[in-house]
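Below: the structure, in structure tokens.
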Number of protein chains: 2
Amino acid sequence: MKKLILILMLAAIGLAGLDCAGQKVQRYGMVLGVKEEKIPEYTKIHADVWPGILKMIEGCNIKNYSIYLHQLDDGKHYLFAYFEYAGDDFDADMEKMKDDPLTRKWWDICEPMQIPIKNRQEGEWWANMKEVFHTI
Amino acid sequence: MKKLILILMLAAIGLAGLDCAGQKVQRYGMVLGVKEEKIPEYTKIHADVWPGILKMIEGCNIKNYSIYLHQLDDGKHYLFAYFEYAGDDFDADMEKMKDDPLTRKWWDICEPMQIPIKNRQEGEWWANMKEVFHTI
């Protein structure tokens, strides 16, 4: 039972490790749906994200952040995000990001294009996934 | 049209960039399904992957390789993989991996637990996803 709690905690906070430069990072994998008719717009704005958004991501210690798109067998389209967190307080950095007016404006544009997964945890928009494997 | 072909080519070969140590890498995001009843076994073997498999992954220039698991709204379970390729010839390294008897043995165990996405390209098992965003 203790082991299960530990596993769930690790899944919730991201899994810690070292990146290729030997820096301590926590890895995160997240998923949500994207509306088919919004894919061209979503793709277009993400090919040229506002500089202030990229600066805020960096300032909140998020790095090596990629988003992938694929249509699955249910015919729906999903976005899969991978990033590494290099700071000391993920929750505090996420609060900082949430309080940034430009980021809120960006999210106001992105969120109507997205369809969050129903089983996401309270407070999540993108659903945190469980890491089942990692090798450096 | 040329731009579309370039985008499709980049999606097929992974997107190039620098990792945190300044090394040239191509990033890959991949997806497939996993049978619900096989999740405990899949998770268990991936928590303790055979050393020879990890050595072959490293020898084929694959690094920072993570696999995530999540149940989506269709009730099915999916595996999402993210890794970075640091070599000069991805196809040749994949052939090398495919020719390794231990890797084939590992795949013989894993593949019956997996359900590949129907729209995967010819020759794919895991379906390559399109990268729509990246920041370092």
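Chain labels A, B, ... are given in the sequence in which chains occur in the structure tokens; within each chain residues are numbered consecutively from 1, and ligands are likewise numbered from 1 in the order shown.
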
(request) Write out as an MDAnalysis selection string each polymer residue whose atoms come within 12 Å of Lys55 in chain B, counting only C-alpha atoms; drop sequence neighbours fewer than 5 positions from it. (result) (chainID A and resid 135:136) or (chainID B and resid 49:50 60:63 97 100 102:103)

I need the residues from that last selection saved to file as a compact mmCIF listing (two decimals), in the first residue's frame (with N, CA and C atoms), if you can.
```
# COMPACT_ATOMS: atom_id res chain seq x y z
N THR A 135 14.89 5.75 -19.77
CA THR A 135 16.34 5.50 -19.79
C THR A 135 17.04 6.75 -20.27
N ILE A 136 18.21 7.03 -19.72
CA ILE A 136 18.91 8.28 -20.05
C ILE A 136 19.55 8.21 -21.43
N VAL B 49 13.88 -3.23 -17.10
CA VAL B 49 14.21 -3.68 -18.46
C VAL B 49 15.57 -4.39 -18.45
N TRP B 50 15.69 -5.46 -19.22
CA TRP B 50 16.95 -6.22 -19.29
C TRP B 50 18.12 -5.28 -19.63
N CYS B 60 22.39 2.30 -30.11
CA CYS B 60 21.72 2.77 -31.33
C CYS B 60 21.42 4.27 -31.26
N ASN B 61 22.09 4.95 -30.34
CA ASN B 61 22.04 6.42 -30.24
C ASN B 61 20.68 7.00 -29.84
N ILE B 62 19.88 6.16 -29.15
CA ILE B 62 18.61 6.62 -28.61
C ILE B 62 18.85 7.06 -27.17
N LYS B 63 18.39 8.25 -26.80
CA LYS B 63 18.58 8.71 -25.43
C LYS B 63 17.37 9.48 -24.90
N MET B 97 19.22 -2.43 -34.44
CA MET B 97 18.41 -2.83 -33.29
C MET B 97 17.55 -4.05 -33.65
N ASP B 100 19.28 -7.38 -33.59
CA ASP B 100 19.80 -7.86 -32.31
C ASP B 100 18.87 -8.95 -31.74
N LEU B 102 18.53 -10.32 -28.83
CA LEU B 102 17.91 -10.03 -27.53
C LEU B 102 16.76 -9.04 -27.69
N THR B 103 16.95 -8.02 -28.53
CA THR B 103 15.89 -7.04 -28.77
C THR B 103 14.67 -7.72 -29.41
```

inquiry  = Which residues are near range 15-30 of chain A? Cut-off 10 Å, only C-alpha atoms, ignore same chain within fewer than 4 positions. Put them as a PyMOL selection string.
reply    = (chain A and resi 7+9-11+61-67+79-88+90+124-131+134-136) or (chain B and resi 19-23+63-64+66-70+80-82)

Take the residues from that selection and write them out as a tab-separated table (two decimals), in the first residue's frame, keeping N, CA and C atoms.
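What landed in part-v3.tsv:
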```tsv
chain	number	residue	atom	x	y	z
A	7	ILE	N	4.13	5.40	-5.62
A	7	ILE	CA	4.02	5.40	-7.08
A	7	ILE	C	3.06	6.50	-7.54
A	9	MET	N	2.28	9.22	-5.92
A	9	MET	CA	2.88	10.53	-5.65
A	9	MET	C	3.86	10.89	-6.75
A	10	LEU	N	4.69	9.89	-7.12
A	10	LEU	CA	5.68	10.14	-8.18
A	10	LEU	C	4.99	10.47	-9.49
A	11	ALA	N	3.88	9.76	-9.75
A	11	ALA	CA	3.13	10.02	-10.99
A	11	ALA	C	2.57	11.43	-10.97
A	61	ASN	N	11.01	27.55	-15.35
A	61	ASN	CA	11.89	26.37	-15.28
A	61	ASN	C	11.41	25.14	-16.05
A	62	ILE	N	10.59	25.40	-17.08
A	62	ILE	CA	10.15	24.33	-17.99
A	62	ILE	C	11.11	24.32	-19.18
A	63	LYS	N	11.63	23.15	-19.53
A	63	LYS	CA	12.54	23.08	-20.68
A	63	LYS	C	12.31	21.82	-21.50
A	64	ASN	N	12.90	21.83	-22.68
A	64	ASN	CA	12.79	20.67	-23.60
A	64	ASN	C	11.33	20.26	-23.74
A	65	TYR	N	10.50	21.23	-24.08
A	65	TYR	CA	9.04	21.06	-24.10
A	65	TYR	C	8.59	20.83	-25.54
A	66	SER	N	7.99	19.68	-25.80
A	66	SER	CA	7.48	19.35	-27.13
A	66	SER	C	6.00	18.98	-27.04
A	67	ILE	N	5.25	19.29	-28.09
A	67	ILE	CA	3.86	18.83	-28.19
A	67	ILE	C	3.70	18.07	-29.50
A	79	LEU	N	-3.35	15.60	-28.39
A	79	LEU	CA	-2.07	16.27	-28.21
A	79	LEU	C	-1.34	15.61	-27.05
A	80	PHE	N	-0.07	15.30	-27.25
A	80	PHE	CA	0.76	14.69	-26.23
A	80	PHE	C	1.91	15.65	-25.95
A	81	ALA	N	2.06	16.05	-24.68
A	81	ALA	CA	3.13	16.98	-24.31
A	81	ALA	C	4.18	16.28	-23.47
A	82	TYR	N	5.43	16.61	-23.74
A	82	TYR	CA	6.55	16.14	-22.93
A	82	TYR	C	7.38	17.36	-22.55
A	83	PHE	N	7.71	17.49	-21.26
A	83	PHE	CA	8.63	18.55	-20.87
A	83	PHE	C	9.39	18.15	-19.61
A	84	GLU	N	10.43	18.93	-19.33
A	84	GLU	CA	11.26	18.68	-18.15
A	84	GLU	C	11.21	19.92	-17.26
A	85	TYR	N	11.06	19.68	-15.97
A	85	TYR	CA	10.99	20.79	-15.00
A	85	TYR	C	12.30	20.82	-14.22
A	86	ALA	N	12.98	21.96	-14.28
A	86	ALA	CA	14.32	22.04	-13.70
A	86	ALA	C	14.37	22.92	-12.45
A	87	GLY	N	13.20	23.32	-11.93
A	87	GLY	CA	13.18	24.18	-10.74
A	87	GLY	C	13.03	23.38	-9.46
A	88	ASP	N	12.75	24.09	-8.36
A	88	ASP	CA	12.65	23.44	-7.05
A	88	ASP	C	11.22	23.37	-6.54
A	90	PHE	N	7.56	23.13	-8.33
A	90	PHE	CA	6.72	23.07	-9.53
A	90	PHE	C	5.40	23.83	-9.32
A	124	GLU	N	-6.47	19.79	-13.00
A	124	GLU	CA	-5.72	19.57	-14.24
A	124	GLU	C	-6.53	20.04	-15.44
A	125	TRP	N	-5.84	20.50	-16.48
A	125	TRP	CA	-6.45	20.72	-17.79
A	125	TRP	C	-5.88	19.62	-18.71
A	126	TRP	N	-4.57	19.69	-18.96
A	126	TRP	CA	-3.88	18.55	-19.55
A	126	TRP	C	-3.84	17.44	-18.47
A	127	ALA	N	-4.14	16.20	-18.84
A	127	ALA	CA	-4.08	15.10	-17.88
A	127	ALA	C	-2.64	14.58	-17.78
A	128	ASN	N	-2.16	14.51	-16.55
A	128	ASN	CA	-0.84	13.95	-16.27
A	128	ASN	C	-0.85	12.45	-16.54
A	129	MET	N	0.10	11.95	-17.28
A	129	MET	CA	0.18	10.51	-17.55
A	129	MET	C	1.19	9.86	-16.62
A	130	LYS	N	1.10	8.55	-16.53
A	130	LYS	CA	2.02	7.79	-15.68
A	130	LYS	C	3.25	7.39	-16.50
A	131	GLU	N	4.44	7.66	-15.96
A	131	GLU	CA	5.65	7.23	-16.65
A	131	GLU	C	5.90	5.77	-16.31
A	134	HIS	N	11.82	4.82	-18.33
A	134	HIS	CA	12.75	5.89	-18.71
A	134	HIS	C	14.16	5.34	-18.76
A	135	THR	N	14.89	5.75	-19.77
A	135	THR	CA	16.34	5.50	-19.79
A	135	THR	C	17.04	6.75	-20.27
A	136	ILE	N	18.21	7.03	-19.72
A	136	ILE	CA	18.91	8.28	-20.05
A	136	ILE	C	19.55	8.21	-21.43
B	19	ASP	N	20.14	19.25	-27.94
B	19	ASP	CA	19.72	18.90	-26.59
B	19	ASP	C	20.40	19.85	-25.61
B	20	CYS	N	20.18	19.65	-24.30
B	20	CYS	CA	20.66	20.61	-23.32
B	20	CYS	C	22.18	20.66	-23.24
B	21	ALA	N	22.86	19.63	-23.76
B	21	ALA	CA	24.33	19.64	-23.75
B	21	ALA	C	24.86	20.18	-25.08
B	22	GLY	N	23.96	20.69	-25.93
B	22	GLY	CA	24.39	21.28	-27.20
B	22	GLY	C	24.61	20.24	-28.29
B	23	GLN	N	24.23	18.99	-28.02
B	23	GLN	CA	24.40	17.93	-29.02
B	23	GLN	C	23.20	17.94	-29.98
B	63	LYS	N	18.39	8.25	-26.80
B	63	LYS	CA	18.58	8.71	-25.43
B	63	LYS	C	17.37	9.48	-24.90
B	64	ASN	N	17.36	9.67	-23.60
B	64	ASN	CA	16.27	10.39	-22.94
B	64	ASN	C	14.93	9.82	-23.39
B	66	SER	N	11.46	8.00	-22.76
B	66	SER	CA	10.41	7.79	-21.75
B	66	SER	C	9.17	7.20	-22.40
B	67	ILE	N	8.46	6.38	-21.66
B	67	ILE	CA	7.14	5.88	-22.12
B	67	ILE	C	6.11	6.22	-21.05
B	68	TYR	N	4.99	6.80	-21.50
B	68	TYR	CA	3.90	7.18	-20.60
B	68	TYR	C	2.65	6.36	-20.93
B	69	LEU	N	1.82	6.18	-19.93
B	69	LEU	CA	0.59	5.40	-20.05
B	69	LEU	C	-0.60	6.24	-19.61
B	70	HIS	N	-1.69	6.18	-20.39
B	70	HIS	CA	-2.92	6.86	-19.95
B	70	HIS	C	-4.15	6.24	-20.60
B	80	PHE	N	2.53	6.38	-24.82
B	80	PHE	CA	3.15	7.47	-25.58
B	80	PHE	C	4.65	7.43	-25.30
B	81	ALA	N	5.43	7.42	-26.37
B	81	ALA	CA	6.89	7.37	-26.21
B	81	ALA	C	7.51	8.68	-26.69
B	82	TYR	N	8.52	9.13	-25.96
B	82	TYR	CA	9.31	10.28	-26.37
B	82	TYR	C	10.77	9.87	-26.26
```

Of B:Lys105, B:Lys118, B:Lys98, B:Lys76, the one sitting nearest chain A when using only C-alpha atoms is B:Lys118

>> Report as a PyMOL selection string all protein, DNA and RNA residues lying within 12 Å of Glu37 in chain B, evaluated on only C-alpha atoms, omitting residues in the same chain fewer than 3 positions from it.
In response: chain B and resi 34+40-43+76-77+112-114

Residues of chain B classed as alpha helix (DSSP H) by DSSP on the backbone are to be reported as a PyMOL selection string. chain B and resi 2-13+39-46+51-59+90-98+101-110

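Interatomic distance, CA of Asp99 in chain A against CA of Gln121 in chain A: 20.9 Å.
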
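Closest approach to chain B among A:Lys38, A:Lys96, A:Arg120, A:His46: A:His46, based on only C-alpha atoms.
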
Atom pair CA of Pro116 in chain A + CA of Gly75 in chain A, distance 15.8 Å

From the list A:Cys110, A:Met56, A:Val132, A:Ile39, the nearest residue to chain B using only C-alpha atoms is A:Val132

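Counting only C-alpha atoms, the residue from B:Lys44, B:Lys35, B:Met94, B:Gly52 that sits nearest to chain A is B:Lys44.
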
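Residue nearest Gln71 in chain B within the list B:Pro101, B:Gly33, B:Gly59, B:Pro51: B:Gly33 [criterion: smallest interatomic distance, only C-alpha atoms].
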
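Coordinates place CA of Ile53 in chain B at a distance of 12.7 Å from CA of Ile109 in chain B.
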
Chain B proximity check over A:Asp74, A:Glu122, A:Asp108, A:Asp91, using only C-alpha atoms: winner is A:Asp74
